[in-house]
$ cat model20.cif   # mmCIF, N, CA and C atoms
data_final
loop_
_atom_site.label_atom_id
_atom_site.label_comp_id
_atom_site.auth_asym_id
_atom_site.auth_seq_id
_atom_site.Cartn_x
_atom_site.Cartn_y
_atom_site.Cartn_z
N SER I 1 125.07 161.12 105.37
CA SER I 1 125.83 161.27 104.14
C SER I 1 125.04 160.66 102.99
N ARG I 2 125.40 161.08 101.81
CA ARG I 2 124.70 160.61 100.62
C ARG I 2 125.35 159.34 100.09
N VAL I 3 124.50 158.49 99.52
CA VAL I 3 124.99 157.26 98.92
C VAL I 3 125.33 157.54 97.46
N PRO I 4 126.52 157.17 97.02
CA PRO I 4 126.87 157.38 95.61
C PRO I 4 125.91 156.59 94.71
N PRO I 5 125.58 157.14 93.55
CA PRO I 5 124.60 156.48 92.66
C PRO I 5 124.95 155.02 92.31
N TYR I 6 126.22 154.72 92.18
CA TYR I 6 126.61 153.35 91.82
C TYR I 6 126.40 152.36 92.96
N GLN I 7 126.10 152.85 94.17
CA GLN I 7 125.86 151.96 95.30
C GLN I 7 124.40 151.91 95.72
N LEU I 8 123.52 152.63 95.03
CA LEU I 8 122.12 152.70 95.42
C LEU I 8 121.45 151.33 95.44
N GLU I 9 121.69 150.51 94.41
CA GLU I 9 121.05 149.18 94.39
C GLU I 9 121.52 148.32 95.55
N THR I 10 122.80 148.37 95.85
CA THR I 10 123.33 147.59 96.97
C THR I 10 122.67 148.01 98.27
N VAL I 11 122.54 149.31 98.47
CA VAL I 11 121.90 149.82 99.69
C VAL I 11 120.43 149.40 99.71
N LEU I 12 119.76 149.46 98.56
CA LEU I 12 118.36 149.03 98.48
C LEU I 12 118.22 147.57 98.88
N PHE I 13 119.08 146.70 98.35
CA PHE I 13 119.01 145.27 98.68
C PHE I 13 119.23 145.05 100.18
N ILE I 14 120.21 145.72 100.75
CA ILE I 14 120.50 145.58 102.18
C ILE I 14 119.32 146.08 103.01
N ALA I 15 118.77 147.23 102.63
CA ALA I 15 117.65 147.80 103.39
C ALA I 15 116.43 146.89 103.34
N VAL I 16 116.11 146.37 102.17
CA VAL I 16 114.94 145.50 102.05
C VAL I 16 115.15 144.20 102.83
N ASP I 17 116.36 143.65 102.75
CA ASP I 17 116.66 142.46 103.56
C ASP I 17 116.42 142.72 105.03
N GLN I 18 116.92 143.84 105.53
CA GLN I 18 116.77 144.16 106.95
C GLN I 18 115.30 144.41 107.32
N LEU I 19 114.59 145.10 106.46
CA LEU I 19 113.17 145.37 106.73
C LEU I 19 112.35 144.08 106.77
N PHE I 20 112.67 143.14 105.90
CA PHE I 20 111.95 141.86 105.93
C PHE I 20 112.22 141.10 107.22
N ARG I 21 113.39 141.26 107.78
CA ARG I 21 113.70 140.60 109.06
C ARG I 21 112.77 141.07 110.18
N GLY I 22 112.30 142.32 110.08
CA GLY I 22 111.41 142.86 111.10
C GLY I 22 109.98 143.02 110.63
N ALA I 23 109.65 142.45 109.49
CA ALA I 23 108.32 142.65 108.90
C ALA I 23 107.19 142.16 109.81
N ASP I 24 107.46 141.15 110.61
CA ASP I 24 106.40 140.59 111.45
C ASP I 24 105.98 141.53 112.58
N VAL I 25 106.77 142.56 112.86
CA VAL I 25 106.39 143.52 113.90
C VAL I 25 105.82 144.82 113.32
N ILE I 26 105.72 144.90 112.01
CA ILE I 26 105.12 146.08 111.39
C ILE I 26 103.61 145.96 111.54
N THR I 27 103.01 146.94 112.19
CA THR I 27 101.56 146.90 112.43
C THR I 27 100.78 147.85 111.54
N SER I 28 101.45 148.84 111.00
CA SER I 28 100.78 149.82 110.14
C SER I 28 100.65 149.28 108.72
N ARG I 29 99.44 149.28 108.19
CA ARG I 29 99.22 148.81 106.82
C ARG I 29 99.98 149.69 105.82
N ASP I 30 100.06 150.98 106.10
CA ASP I 30 100.81 151.88 105.23
C ASP I 30 102.29 151.50 105.17
N GLU I 31 102.84 151.11 106.30
CA GLU I 31 104.25 150.69 106.34
C GLU I 31 104.45 149.37 105.59
N VAL I 32 103.50 148.47 105.70
CA VAL I 32 103.57 147.21 104.96
C VAL I 32 103.57 147.49 103.46
N ILE I 33 102.72 148.40 103.03
CA ILE I 33 102.65 148.75 101.61
C ILE I 33 103.94 149.42 101.16
N ARG I 34 104.52 150.26 102.00
CA ARG I 34 105.82 150.88 101.66
C ARG I 34 106.90 149.81 101.50
N LEU I 35 106.91 148.84 102.39
CA LEU I 35 107.87 147.74 102.28
C LEU I 35 107.64 146.97 100.99
N ALA I 36 106.40 146.72 100.64
CA ALA I 36 106.10 146.01 99.39
C ALA I 36 106.61 146.81 98.18
N HIS I 37 106.46 148.13 98.21
CA HIS I 37 106.99 148.97 97.13
C HIS I 37 108.51 148.86 97.04
N LEU I 38 109.17 148.91 98.19
CA LEU I 38 110.63 148.78 98.20
C LEU I 38 111.06 147.41 97.68
N ALA I 39 110.33 146.38 98.08
CA ALA I 39 110.65 145.03 97.62
C ALA I 39 110.45 144.90 96.12
N LEU I 40 109.43 145.57 95.59
CA LEU I 40 109.22 145.56 94.13
C LEU I 40 110.41 146.21 93.44
N ARG I 41 110.86 147.35 93.96
CA ARG I 41 112.03 148.01 93.36
C ARG I 41 113.25 147.10 93.41
N ALA I 42 113.46 146.45 94.56
CA ALA I 42 114.61 145.56 94.71
C ALA I 42 114.48 144.36 93.77
N GLY I 43 113.29 143.79 93.71
CA GLY I 43 113.07 142.63 92.84
C GLY I 43 113.28 142.96 91.37
N GLU I 44 112.77 144.10 90.94
CA GLU I 44 112.94 144.49 89.54
C GLU I 44 114.39 144.83 89.23
N ALA I 45 115.10 145.42 90.19
CA ALA I 45 116.53 145.69 90.00
C ALA I 45 117.30 144.38 89.90
N ALA I 46 116.93 143.40 90.71
CA ALA I 46 117.59 142.09 90.66
C ALA I 46 117.30 141.39 89.33
N ILE I 47 116.06 141.48 88.85
CA ILE I 47 115.73 140.89 87.55
C ILE I 47 116.56 141.55 86.45
N ALA I 48 116.67 142.87 86.49
CA ALA I 48 117.45 143.60 85.48
C ALA I 48 118.91 143.16 85.49
N ALA I 49 119.40 142.72 86.64
CA ALA I 49 120.78 142.24 86.76
C ALA I 49 120.87 140.73 86.55
N SER I 50 119.77 140.11 86.12
CA SER I 50 119.69 138.65 85.93
C SER I 50 119.97 137.88 87.21
N ALA I 51 119.65 138.48 88.35
CA ALA I 51 119.80 137.82 89.65
C ALA I 51 118.41 137.35 90.07
N PHE I 52 117.95 136.26 89.47
CA PHE I 52 116.57 135.83 89.63
C PHE I 52 116.28 135.21 91.00
N LEU I 53 117.26 134.60 91.61
CA LEU I 53 117.02 134.02 92.93
C LEU I 53 116.73 135.10 93.98
N PRO I 54 117.59 136.13 94.11
CA PRO I 54 117.23 137.18 95.06
C PRO I 54 115.95 137.92 94.64
N ALA I 55 115.75 138.07 93.33
CA ALA I 55 114.52 138.73 92.86
C ALA I 55 113.30 137.96 93.35
N SER I 56 113.33 136.64 93.22
CA SER I 56 112.18 135.85 93.65
C SER I 56 111.98 135.97 95.16
N PHE I 57 113.07 136.06 95.91
CA PHE I 57 112.95 136.24 97.36
C PHE I 57 112.23 137.54 97.68
N TYR I 58 112.72 138.65 97.14
CA TYR I 58 112.11 139.96 97.43
C TYR I 58 110.64 139.98 97.01
N LEU I 59 110.38 139.50 95.82
CA LEU I 59 109.03 139.60 95.26
C LEU I 59 108.05 138.66 95.98
N LEU I 60 108.46 137.44 96.25
CA LEU I 60 107.56 136.50 96.94
C LEU I 60 107.32 136.92 98.38
N GLN I 61 108.34 137.47 99.02
CA GLN I 61 108.14 137.98 100.38
C GLN I 61 107.10 139.10 100.36
N ALA I 62 107.21 139.98 99.38
CA ALA I 62 106.26 141.09 99.28
C ALA I 62 104.85 140.60 98.95
N VAL I 63 104.73 139.63 98.06
CA VAL I 63 103.42 139.05 97.76
C VAL I 63 102.80 138.49 99.04
N GLY I 64 103.63 137.89 99.88
CA GLY I 64 103.14 137.34 101.14
C GLY I 64 102.63 138.39 102.11
N LEU I 65 103.04 139.63 101.94
CA LEU I 65 102.56 140.71 102.79
C LEU I 65 101.18 141.22 102.37
N LEU I 66 100.81 140.92 101.13
CA LEU I 66 99.57 141.48 100.58
C LEU I 66 98.33 140.78 101.12
N GLU I 67 97.25 141.53 101.09
CA GLU I 67 95.93 140.99 101.44
C GLU I 67 95.08 140.98 100.18
N GLU I 68 94.02 140.21 100.19
CA GLU I 68 93.13 140.14 99.03
C GLU I 68 92.62 141.53 98.63
N SER I 69 92.35 142.37 99.60
CA SER I 69 91.83 143.71 99.32
C SER I 69 92.85 144.60 98.59
N ASP I 70 94.12 144.20 98.60
CA ASP I 70 95.12 145.01 97.91
C ASP I 70 94.94 144.98 96.40
N TRP I 71 94.23 143.96 95.90
CA TRP I 71 93.89 143.96 94.47
C TRP I 71 92.97 145.15 94.15
N ILE I 72 92.27 145.65 95.13
CA ILE I 72 91.39 146.81 94.94
C ILE I 72 92.11 148.10 95.31
N TYR I 73 92.70 148.13 96.50
CA TYR I 73 93.26 149.37 97.04
C TYR I 73 94.68 149.68 96.57
N HIS I 74 95.41 148.66 96.15
CA HIS I 74 96.78 148.84 95.67
C HIS I 74 96.98 147.99 94.42
N TYR I 75 96.11 148.20 93.46
CA TYR I 75 96.05 147.34 92.28
C TYR I 75 97.38 147.27 91.53
N ASP I 76 97.94 148.43 91.17
CA ASP I 76 99.17 148.43 90.36
C ASP I 76 100.32 147.72 91.09
N LEU I 77 100.47 147.99 92.36
CA LEU I 77 101.52 147.34 93.15
C LEU I 77 101.30 145.83 93.17
N THR I 78 100.09 145.41 93.46
CA THR I 78 99.77 143.99 93.56
C THR I 78 99.99 143.28 92.22
N LEU I 79 99.55 143.92 91.15
CA LEU I 79 99.75 143.35 89.81
C LEU I 79 101.23 143.23 89.47
N GLN I 80 101.98 144.29 89.72
CA GLN I 80 103.41 144.26 89.41
C GLN I 80 104.17 143.22 90.23
N LEU I 81 103.85 143.12 91.51
CA LEU I 81 104.51 142.13 92.35
C LEU I 81 104.24 140.71 91.85
N HIS I 82 102.98 140.41 91.58
CA HIS I 82 102.63 139.08 91.11
C HIS I 82 103.26 138.78 89.74
N SER I 83 103.20 139.74 88.84
CA SER I 83 103.74 139.52 87.49
C SER I 83 105.25 139.36 87.51
N SER I 84 105.93 140.21 88.26
CA SER I 84 107.40 140.10 88.35
C SER I 84 107.82 138.82 89.05
N ALA I 85 107.11 138.46 90.11
CA ALA I 85 107.42 137.21 90.81
C ALA I 85 107.20 136.01 89.89
N ALA I 86 106.14 136.04 89.10
CA ALA I 86 105.88 134.94 88.16
C ALA I 86 107.01 134.82 87.15
N GLU I 87 107.49 135.95 86.65
CA GLU I 87 108.60 135.94 85.71
C GLU I 87 109.85 135.34 86.34
N ALA I 88 110.18 135.75 87.55
CA ALA I 88 111.35 135.21 88.24
C ALA I 88 111.20 133.71 88.49
N CYS I 89 110.01 133.29 88.88
CA CYS I 89 109.77 131.87 89.13
C CYS I 89 109.88 131.04 87.85
N PHE I 90 109.46 131.61 86.73
CA PHE I 90 109.61 130.91 85.44
C PHE I 90 111.09 130.64 85.17
N VAL I 91 111.92 131.67 85.30
CA VAL I 91 113.35 131.52 85.01
C VAL I 91 113.99 130.50 85.94
N LEU I 92 113.52 130.45 87.18
CA LEU I 92 114.09 129.52 88.16
C LEU I 92 113.49 128.12 88.08
N GLY I 93 112.49 127.95 87.23
CA GLY I 93 111.86 126.64 87.10
C GLY I 93 110.91 126.30 88.23
N LYS I 94 110.44 127.31 88.94
CA LYS I 94 109.47 127.10 90.02
C LYS I 94 108.06 127.18 89.43
N PHE I 95 107.70 126.15 88.68
CA PHE I 95 106.48 126.21 87.88
C PHE I 95 105.21 126.17 88.73
N ASP I 96 105.24 125.47 89.86
CA ASP I 96 104.06 125.46 90.73
C ASP I 96 103.76 126.86 91.26
N VAL I 97 104.80 127.57 91.67
CA VAL I 97 104.62 128.93 92.18
C VAL I 97 104.20 129.85 91.05
N LEU I 98 104.82 129.68 89.88
CA LEU I 98 104.43 130.45 88.70
C LEU I 98 102.95 130.27 88.41
N ASN I 99 102.47 129.04 88.44
CA ASN I 99 101.06 128.77 88.16
C ASN I 99 100.13 129.44 89.19
N GLU I 100 100.52 129.39 90.45
CA GLU I 100 99.72 130.00 91.51
C GLU I 100 99.65 131.52 91.34
N LEU I 101 100.80 132.14 91.09
CA LEU I 101 100.84 133.59 90.91
C LEU I 101 100.04 134.00 89.67
N SER I 102 100.18 133.23 88.61
CA SER I 102 99.47 133.53 87.37
C SER I 102 97.96 133.41 87.56
N ARG I 103 97.54 132.41 88.28
CA ARG I 103 96.11 132.25 88.57
C ARG I 103 95.55 133.47 89.28
N GLU I 104 96.32 133.98 90.25
CA GLU I 104 95.90 135.18 90.98
C GLU I 104 95.74 136.37 90.02
N VAL I 105 96.71 136.54 89.13
CA VAL I 105 96.64 137.66 88.18
C VAL I 105 95.46 137.48 87.24
N ILE I 106 95.29 136.30 86.70
CA ILE I 106 94.21 136.06 85.74
C ILE I 106 92.85 136.28 86.39
N GLN I 107 92.71 135.91 87.65
CA GLN I 107 91.44 136.11 88.36
C GLN I 107 91.18 137.56 88.73
N ASN I 108 92.23 138.34 88.98
CA ASN I 108 92.04 139.67 89.54
C ASN I 108 92.38 140.83 88.61
N ALA I 109 93.14 140.59 87.57
CA ALA I 109 93.50 141.68 86.66
C ALA I 109 92.26 142.13 85.90
N VAL I 110 92.20 143.43 85.64
CA VAL I 110 90.98 144.00 85.06
C VAL I 110 91.01 144.06 83.54
N SER I 111 92.16 143.82 82.92
CA SER I 111 92.21 143.90 81.47
C SER I 111 93.17 142.84 80.92
N LEU I 112 93.01 142.55 79.66
CA LEU I 112 93.91 141.61 79.00
C LEU I 112 95.33 142.15 79.02
N LYS I 113 95.47 143.45 78.84
CA LYS I 113 96.80 144.09 78.88
C LYS I 113 97.50 143.79 80.19
N ASP I 114 96.77 143.79 81.29
CA ASP I 114 97.36 143.52 82.60
C ASP I 114 97.71 142.04 82.79
N LYS I 115 97.12 141.17 81.99
CA LYS I 115 97.35 139.73 82.11
C LYS I 115 98.44 139.22 81.16
N ILE I 116 98.80 140.01 80.15
CA ILE I 116 99.71 139.55 79.10
C ILE I 116 101.03 139.03 79.65
N ARG I 117 101.60 139.72 80.60
CA ARG I 117 102.92 139.32 81.13
C ARG I 117 102.88 137.91 81.73
N VAL I 118 101.84 137.60 82.50
CA VAL I 118 101.78 136.26 83.09
C VAL I 118 101.39 135.21 82.04
N TYR I 119 100.59 135.60 81.06
CA TYR I 119 100.30 134.67 79.98
C TYR I 119 101.59 134.29 79.25
N PHE I 120 102.45 135.27 79.04
CA PHE I 120 103.74 134.99 78.39
C PHE I 120 104.57 134.03 79.24
N SER I 121 104.64 134.29 80.54
CA SER I 121 105.41 133.39 81.42
C SER I 121 104.82 131.99 81.43
N LEU I 122 103.49 131.91 81.46
CA LEU I 122 102.83 130.59 81.46
C LEU I 122 103.10 129.82 80.17
N THR I 123 102.92 130.47 79.02
CA THR I 123 103.15 129.77 77.76
C THR I 123 104.62 129.40 77.59
N SER I 124 105.52 130.27 78.05
CA SER I 124 106.94 129.95 77.99
C SER I 124 107.26 128.75 78.87
N SER I 125 106.62 128.68 80.04
CA SER I 125 106.89 127.56 80.95
C SER I 125 106.37 126.26 80.36
N LEU I 126 105.21 126.32 79.71
CA LEU I 126 104.67 125.12 79.08
C LEU I 126 105.57 124.61 77.96
N SER I 127 106.10 125.50 77.16
CA SER I 127 106.97 125.07 76.07
C SER I 127 108.31 124.56 76.61
N SER I 128 108.78 125.11 77.72
CA SER I 128 110.06 124.65 78.27
C SER I 128 109.92 123.32 79.00
N GLN I 129 108.71 122.98 79.41
CA GLN I 129 108.47 121.71 80.10
C GLN I 129 108.19 120.57 79.12
N GLY I 130 108.06 120.93 77.87
CA GLY I 130 107.86 119.88 76.86
C GLY I 130 106.49 119.72 76.51
#

$ encode --input "model20.cif" --output "C-alpha coordinates"
Amino acid sequence: SRVPPYQLETVLFIAVDQLFRGADVITSRDEVIRLAHLALRAGEAAIAASAFLPASFYLLQAVGLLEESDWIYHYDLTLQLHSSAAEACFVLGKFDVLNELSREVIQNAVSLKDKIRVYFSLTSSLSSQG
(Lines of atoms letter the chains of each structure in order from A and count residues from 1; the text may use other names and numbers.)
(Lines give C-alpha, C1' and ligand atoms only; values in the text may rest on other atoms or scores of the structure.)
Protein backbone atom coordinates (compact mmCIF):
# COMPACT_ATOMS: atom_id res chain seq x y z
CA SER A 1 0.00 0.00 0.00
CA ARG A 2 1.02 3.58 -0.50
CA VAL A 3 2.08 5.86 2.30
CA PRO A 4 0.09 9.11 2.48
CA PRO A 5 2.28 12.16 1.79
CA TYR A 6 1.77 13.57 5.29
CA GLN A 7 3.31 10.39 6.76
CA LEU A 8 6.37 10.13 4.49
CA GLU A 9 8.76 11.78 6.95
CA THR A 10 7.61 9.54 9.79
CA VAL A 11 8.14 6.46 7.64
CA LEU A 12 11.57 7.78 6.57
CA PHE A 13 12.62 8.27 10.21
CA ILE A 14 11.43 4.78 11.18
CA ALA A 15 13.11 3.17 8.16
CA VAL A 16 16.44 4.91 8.78
CA ASP A 17 16.33 3.98 12.48
CA GLN A 18 15.76 0.34 11.58
CA LEU A 19 18.45 0.32 8.89
CA PHE A 20 21.01 1.74 11.32
CA ARG A 21 20.22 -1.10 13.72
CA GLY A 22 21.45 -3.52 11.06
CA ALA A 23 24.15 -1.34 9.52
CA ASP A 24 26.97 -3.48 10.91
CA VAL A 25 25.89 -6.41 8.74
CA ILE A 26 25.74 -4.42 5.50
CA THR A 27 28.65 -5.61 3.39
CA SER A 28 27.92 -3.89 0.08
CA ARG A 29 29.49 -0.45 -0.27
CA ASP A 30 26.61 0.56 -2.54
CA GLU A 31 24.13 -0.31 0.21
CA VAL A 32 26.14 1.69 2.76
CA ILE A 33 26.04 4.70 0.43
CA ARG A 34 22.28 4.27 -0.04
CA LEU A 35 21.84 4.24 3.73
CA ALA A 36 23.95 7.39 4.00
CA HIS A 37 21.70 9.07 1.40
CA LEU A 38 18.59 8.07 3.35
CA ALA A 39 20.15 9.33 6.58
CA LEU A 40 20.94 12.65 4.90
CA ARG A 41 17.30 12.98 3.84
CA ALA A 42 16.14 12.11 7.37
CA GLY A 43 18.65 14.48 8.96
CA GLU A 44 17.71 17.38 6.72
CA ALA A 45 14.00 16.72 7.31
CA ALA A 46 14.65 16.73 11.07
CA ILE A 47 16.61 20.01 10.79
CA ALA A 48 13.73 21.54 8.82
CA ALA A 49 11.43 20.55 11.69
CA SER A 50 13.90 22.02 14.24
CA ALA A 51 14.44 18.51 15.64
CA PHE A 52 18.20 18.88 15.97
CA LEU A 53 18.84 15.97 18.32
CA PRO A 54 17.45 13.30 15.97
CA ALA A 55 19.05 15.17 13.05
CA SER A 56 22.45 14.92 14.69
CA PHE A 57 21.87 11.20 15.30
CA TYR A 58 21.02 10.45 11.66
CA LEU A 59 23.78 12.63 10.27
CA LEU A 60 26.57 11.55 12.63
CA GLN A 61 25.68 7.89 12.15
CA ALA A 62 25.93 8.40 8.39
CA VAL A 63 29.25 10.25 8.70
CA GLY A 64 30.50 7.24 10.65
CA LEU A 65 29.69 5.00 7.68
CA LEU A 66 31.88 7.03 5.32
CA GLU A 67 35.42 6.26 4.30
CA GLU A 68 38.12 8.78 3.42
CA SER A 69 37.76 7.84 -0.26
CA ASP A 70 34.13 8.99 -0.19
CA TRP A 71 35.43 12.56 -0.38
CA ILE A 72 36.47 11.57 -3.91
CA TYR A 73 33.85 9.05 -5.01
CA HIS A 74 30.81 10.50 -3.21
CA TYR A 75 31.86 14.11 -2.77
CA ASP A 76 28.43 15.80 -2.68
CA LEU A 77 27.01 13.27 -0.22
CA THR A 78 30.06 13.48 2.04
CA LEU A 79 30.07 17.28 1.96
CA GLN A 80 26.35 17.52 2.70
CA LEU A 81 26.52 15.02 5.56
CA HIS A 82 29.44 16.79 7.22
CA SER A 83 27.96 20.27 6.72
CA SER A 84 24.49 19.33 7.96
CA ALA A 85 25.92 17.45 10.93
CA ALA A 86 28.08 20.46 11.81
CA GLU A 87 25.01 22.70 11.72
CA ALA A 88 23.05 20.35 14.00
CA CYS A 89 25.99 20.08 16.40
CA PHE A 90 26.26 23.88 16.56
CA VAL A 91 22.61 24.20 17.59
CA LEU A 92 23.05 21.48 20.21
CA GLY A 93 26.22 23.04 21.59
CA LYS A 94 28.39 20.07 20.62
CA PHE A 95 31.30 22.33 19.74
CA ASP A 96 34.01 19.66 19.80
CA VAL A 97 32.12 17.60 17.23
CA LEU A 98 31.36 20.74 15.23
CA ASN A 99 35.08 21.57 15.13
CA GLU A 100 36.01 18.05 14.02
CA LEU A 101 33.40 17.99 11.24
CA SER A 102 34.38 21.47 10.10
CA ARG A 103 38.05 20.52 9.96
CA GLU A 104 37.15 17.61 7.68
CA VAL A 105 35.20 19.91 5.35
CA ILE A 106 37.89 22.59 5.29
CA GLN A 107 40.56 20.00 4.46
CA ASN A 108 38.56 18.19 1.78
CA ALA A 109 36.16 20.65 0.17
CA VAL A 110 37.29 21.80 -3.25
CA SER A 111 35.95 25.35 -3.21
CA LEU A 112 35.23 28.20 -0.86
CA LYS A 113 31.55 27.88 -1.80
CA ASP A 114 31.58 24.33 -0.43
CA LYS A 115 33.20 25.50 2.83
CA ILE A 116 30.92 28.50 3.53
CA ARG A 117 28.30 26.56 5.48
CA VAL A 118 30.80 25.19 8.01
CA TYR A 119 32.57 28.53 8.24
CA PHE A 120 29.22 30.04 9.21
CA SER A 121 28.65 27.37 11.85
CA LEU A 122 32.18 27.83 13.20
CA THR A 123 31.96 31.62 13.45
CA SER A 124 28.50 31.38 15.00
CA SER A 125 29.81 28.90 17.57
CA LEU A 126 32.72 31.18 18.44
CA SER A 127 30.43 34.15 19.01
CA SER A 128 28.01 32.07 21.10
CA GLN A 129 30.86 30.81 23.30
CA GLY A 130 31.94 34.33 24.10

$ atom_distance --input "model20.cif" --atom1 "atom CA of Phe90 of chain I" --atom2 "atom C of His74 of chain I"
23.1 Å

$ closest_residue --input "model20.cif" --among "I:Ala86, I:Val118, I:Leu92, I:Val32" --to "Ile106 of chain I" --atoms "only N, CA and C atoms"
I:Val118

$ atom_distance --input "model20.cif" --atom1 "atom C of Asn99 of chain I" --atom2 "atom CA of Ser127 of chain I"
15.4 Å

$ resolve_selection --input "model20.cif" --expression "the PyMOL selection byres ((chain I and resi 14-22) around 8)" --output "MDAnalysis selection string"
chainID I and resid 8:13 23:26 35 38:39 42 58 61

$ atom_distance --input "model20.cif" --atom1 "atom CA of Ala85 of chain I" --atom2 "atom N of Val3 of chain I"
28.6 Å

$ residues_around --input "model20.cif" --residues "Ser121 of chain I" --least-positions-apart "3" --cutoff "12 Å" --atoms "only C-alpha atoms" --output "VMD selection string"
chain I and resid 82 to 95 97 to 99 101 to 103 105 115 to 118 124 to 128

$ select_by_dssp --input "model20.cif" --residues "chain I" --states "helix (DSSP H, G or I)" --output "JSON, numbers by chain"
{"I": [5, 6, 7, 8, 9, 10, 11, 12, 13, 14, 15, 16, 17, 18, 19, 20, 21, 23, 24, 25, 29, 30, 31, 32, 33, 34, 35, 36, 37, 38, 39, 40, 41, 42, 43, 44, 45, 46, 47, 48, 52, 53, 54, 55, 56, 57, 58, 59, 60, 61, 62, 63, 64, 65, 70, 71, 72, 73, 75, 76, 77, 78, 79, 80, 81, 82, 83, 84, 85, 86, 87, 88, 89, 90, 91, 92, 95, 96, 97, 98, 99, 100, 101, 102, 103, 104, 105, 106, 107, 108, 112, 113, 114, 115, 116, 117, 118, 119, 120, 121, 122, 123, 124, 125, 126, 127, 128]}

$ residues_around --input "model20.cif" --residues "Trp71 of chain I" --least-positions-apart "5" --cutoff "12 Å" --atoms "only C-alpha atoms" --output "CSV table (one decimal) with N, CA and C atoms, in the frame of the given file"
chain,number,residue,atom,x,y,z
I,63,VAL,N,104.7,139.6,98.1
I,63,VAL,CA,103.4,139.0,97.8
I,63,VAL,C,102.8,138.5,99.0
I,66,LEU,N,100.8,140.9,101.1
I,66,LEU,CA,99.6,141.5,100.6
I,66,LEU,C,98.3,140.8,101.1
I,76,ASP,N,97.9,148.4,91.2
I,76,ASP,CA,99.2,148.4,90.4
I,76,ASP,C,100.3,147.7,91.1
I,77,LEU,N,100.5,148.0,92.4
I,77,LEU,CA,101.5,147.3,93.2
I,77,LEU,C,101.3,145.8,93.2
I,78,THR,N,100.1,145.4,93.5
I,78,THR,CA,99.8,144.0,93.6
I,78,THR,C,100.0,143.3,92.2
I,79,LEU,N,99.6,143.9,91.2
I,79,LEU,CA,99.8,143.4,89.8
I,79,LEU,C,101.2,143.2,89.5
I,80,GLN,N,102.0,144.3,89.7
I,80,GLN,CA,103.4,144.3,89.4
I,80,GLN,C,104.2,143.2,90.2
I,81,LEU,N,103.8,143.1,91.5
I,81,LEU,CA,104.5,142.1,92.4
I,81,LEU,C,104.2,140.7,91.8
I,82,HIS,N,103.0,140.4,91.6
I,82,HIS,CA,102.6,139.1,91.1
I,82,HIS,C,103.3,138.8,89.7
I,104,GLU,N,96.3,134.0,90.2
I,104,GLU,CA,95.9,135.2,91.0
I,104,GLU,C,95.7,136.4,90.0
I,105,VAL,N,96.7,136.5,89.1
I,105,VAL,CA,96.6,137.7,88.2
I,105,VAL,C,95.5,137.5,87.2
I,106,ILE,N,95.3,136.3,86.7
I,106,ILE,CA,94.2,136.1,85.7
I,106,ILE,C,92.8,136.3,86.4
I,107,GLN,N,92.7,135.9,87.6
I,107,GLN,CA,91.4,136.1,88.4
I,107,GLN,C,91.2,137.6,88.7
I,108,ASN,N,92.2,138.3,89.0
I,108,ASN,CA,92.0,139.7,89.5
I,108,ASN,C,92.4,140.8,88.6
I,109,ALA,N,93.1,140.6,87.6
I,109,ALA,CA,93.5,141.7,86.7
I,109,ALA,C,92.3,142.1,85.9
I,110,VAL,N,92.2,143.4,85.6
I,110,VAL,CA,91.0,144.0,85.1
I,110,VAL,C,91.0,144.1,83.5

$ closest_residue --input "model20.cif" --among "I:Glu44, I:Ile33, I:Ala49, I:Ala55" --to "Tyr75 of chain I" --atoms "only C-alpha atoms"
I:Ile33

$ decode --input "model20.cif" --residues "segment 7-23 of chain I" --atoms "N, CA, C and O atoms" --output "short mmCIF file (atom, residue, chain, number, x, y, z; two decimals), in the first residue's frame"
data_model
loop_
_atom_site.label_atom_id
_atom_site.label_comp_id
_atom_site.auth_asym_id
_atom_site.auth_seq_id
_atom_site.Cartn_x
_atom_site.Cartn_y
_atom_site.Cartn_z
N GLN I 7 2.63 11.35 5.90
CA GLN I 7 3.31 10.39 6.76
C GLN I 7 4.68 9.98 6.23
O GLN I 7 5.38 9.18 6.86
N LEU I 8 5.10 10.53 5.10
CA LEU I 8 6.37 10.13 4.49
C LEU I 8 7.56 10.36 5.40
O LEU I 8 8.43 9.50 5.51
N GLU I 9 7.62 11.52 6.07
CA GLU I 9 8.76 11.78 6.95
C GLU I 9 8.80 10.80 8.11
O GLU I 9 9.87 10.32 8.47
N THR I 10 7.66 10.50 8.67
CA THR I 10 7.61 9.54 9.79
C THR I 10 8.12 8.19 9.34
O THR I 10 8.92 7.55 10.04
N VAL I 11 7.69 7.75 8.17
CA VAL I 11 8.14 6.46 7.64
C VAL I 11 9.64 6.50 7.36
O VAL I 11 10.37 5.54 7.64
N LEU I 12 10.13 7.63 6.83
CA LEU I 12 11.57 7.78 6.57
C LEU I 12 12.36 7.65 7.88
O LEU I 12 13.35 6.93 7.93
N PHE I 13 11.92 8.33 8.93
CA PHE I 13 12.62 8.27 10.21
C PHE I 13 12.64 6.83 10.76
O PHE I 13 13.67 6.36 11.23
N ILE I 14 11.51 6.15 10.69
CA ILE I 14 11.43 4.78 11.18
C ILE I 14 12.33 3.87 10.36
O ILE I 14 13.08 3.04 10.91
N ALA I 15 12.30 4.03 9.04
CA ALA I 15 13.11 3.17 8.16
C ALA I 15 14.60 3.38 8.42
O ALA I 15 15.36 2.41 8.53
N VAL I 16 15.02 4.63 8.55
CA VAL I 16 16.44 4.91 8.78
C VAL I 16 16.87 4.37 10.15
O VAL I 16 17.95 3.78 10.28
N ASP I 17 16.02 4.55 11.15
CA ASP I 17 16.33 3.98 12.48
C ASP I 17 16.55 2.48 12.38
O ASP I 17 17.52 1.94 12.92
N GLN I 18 15.65 1.79 11.70
CA GLN I 18 15.76 0.34 11.58
C GLN I 18 16.99 -0.08 10.78
O GLN I 18 17.68 -1.04 11.12
N LEU I 19 17.27 0.64 9.71
CA LEU I 19 18.45 0.32 8.89
C LEU I 19 19.75 0.51 9.67
O LEU I 19 20.69 -0.27 9.53
N PHE I 20 19.80 1.54 10.51
CA PHE I 20 21.01 1.74 11.32
C PHE I 20 21.20 0.61 12.33
O PHE I 20 22.32 0.27 12.66
N ARG I 21 20.12 0.04 12.79
CA ARG I 21 20.22 -1.10 13.72
C ARG I 21 20.94 -2.28 13.09
O ARG I 21 21.58 -3.06 13.77
N GLY I 22 20.81 -2.42 11.76
CA GLY I 22 21.45 -3.52 11.06
C GLY I 22 22.63 -3.10 10.21
O GLY I 22 23.14 -3.89 9.41
N ALA I 23 23.09 -1.87 10.38
CA ALA I 23 24.15 -1.34 9.52
C ALA I 23 25.45 -2.14 9.61
O ALA I 23 26.19 -2.23 8.63
#
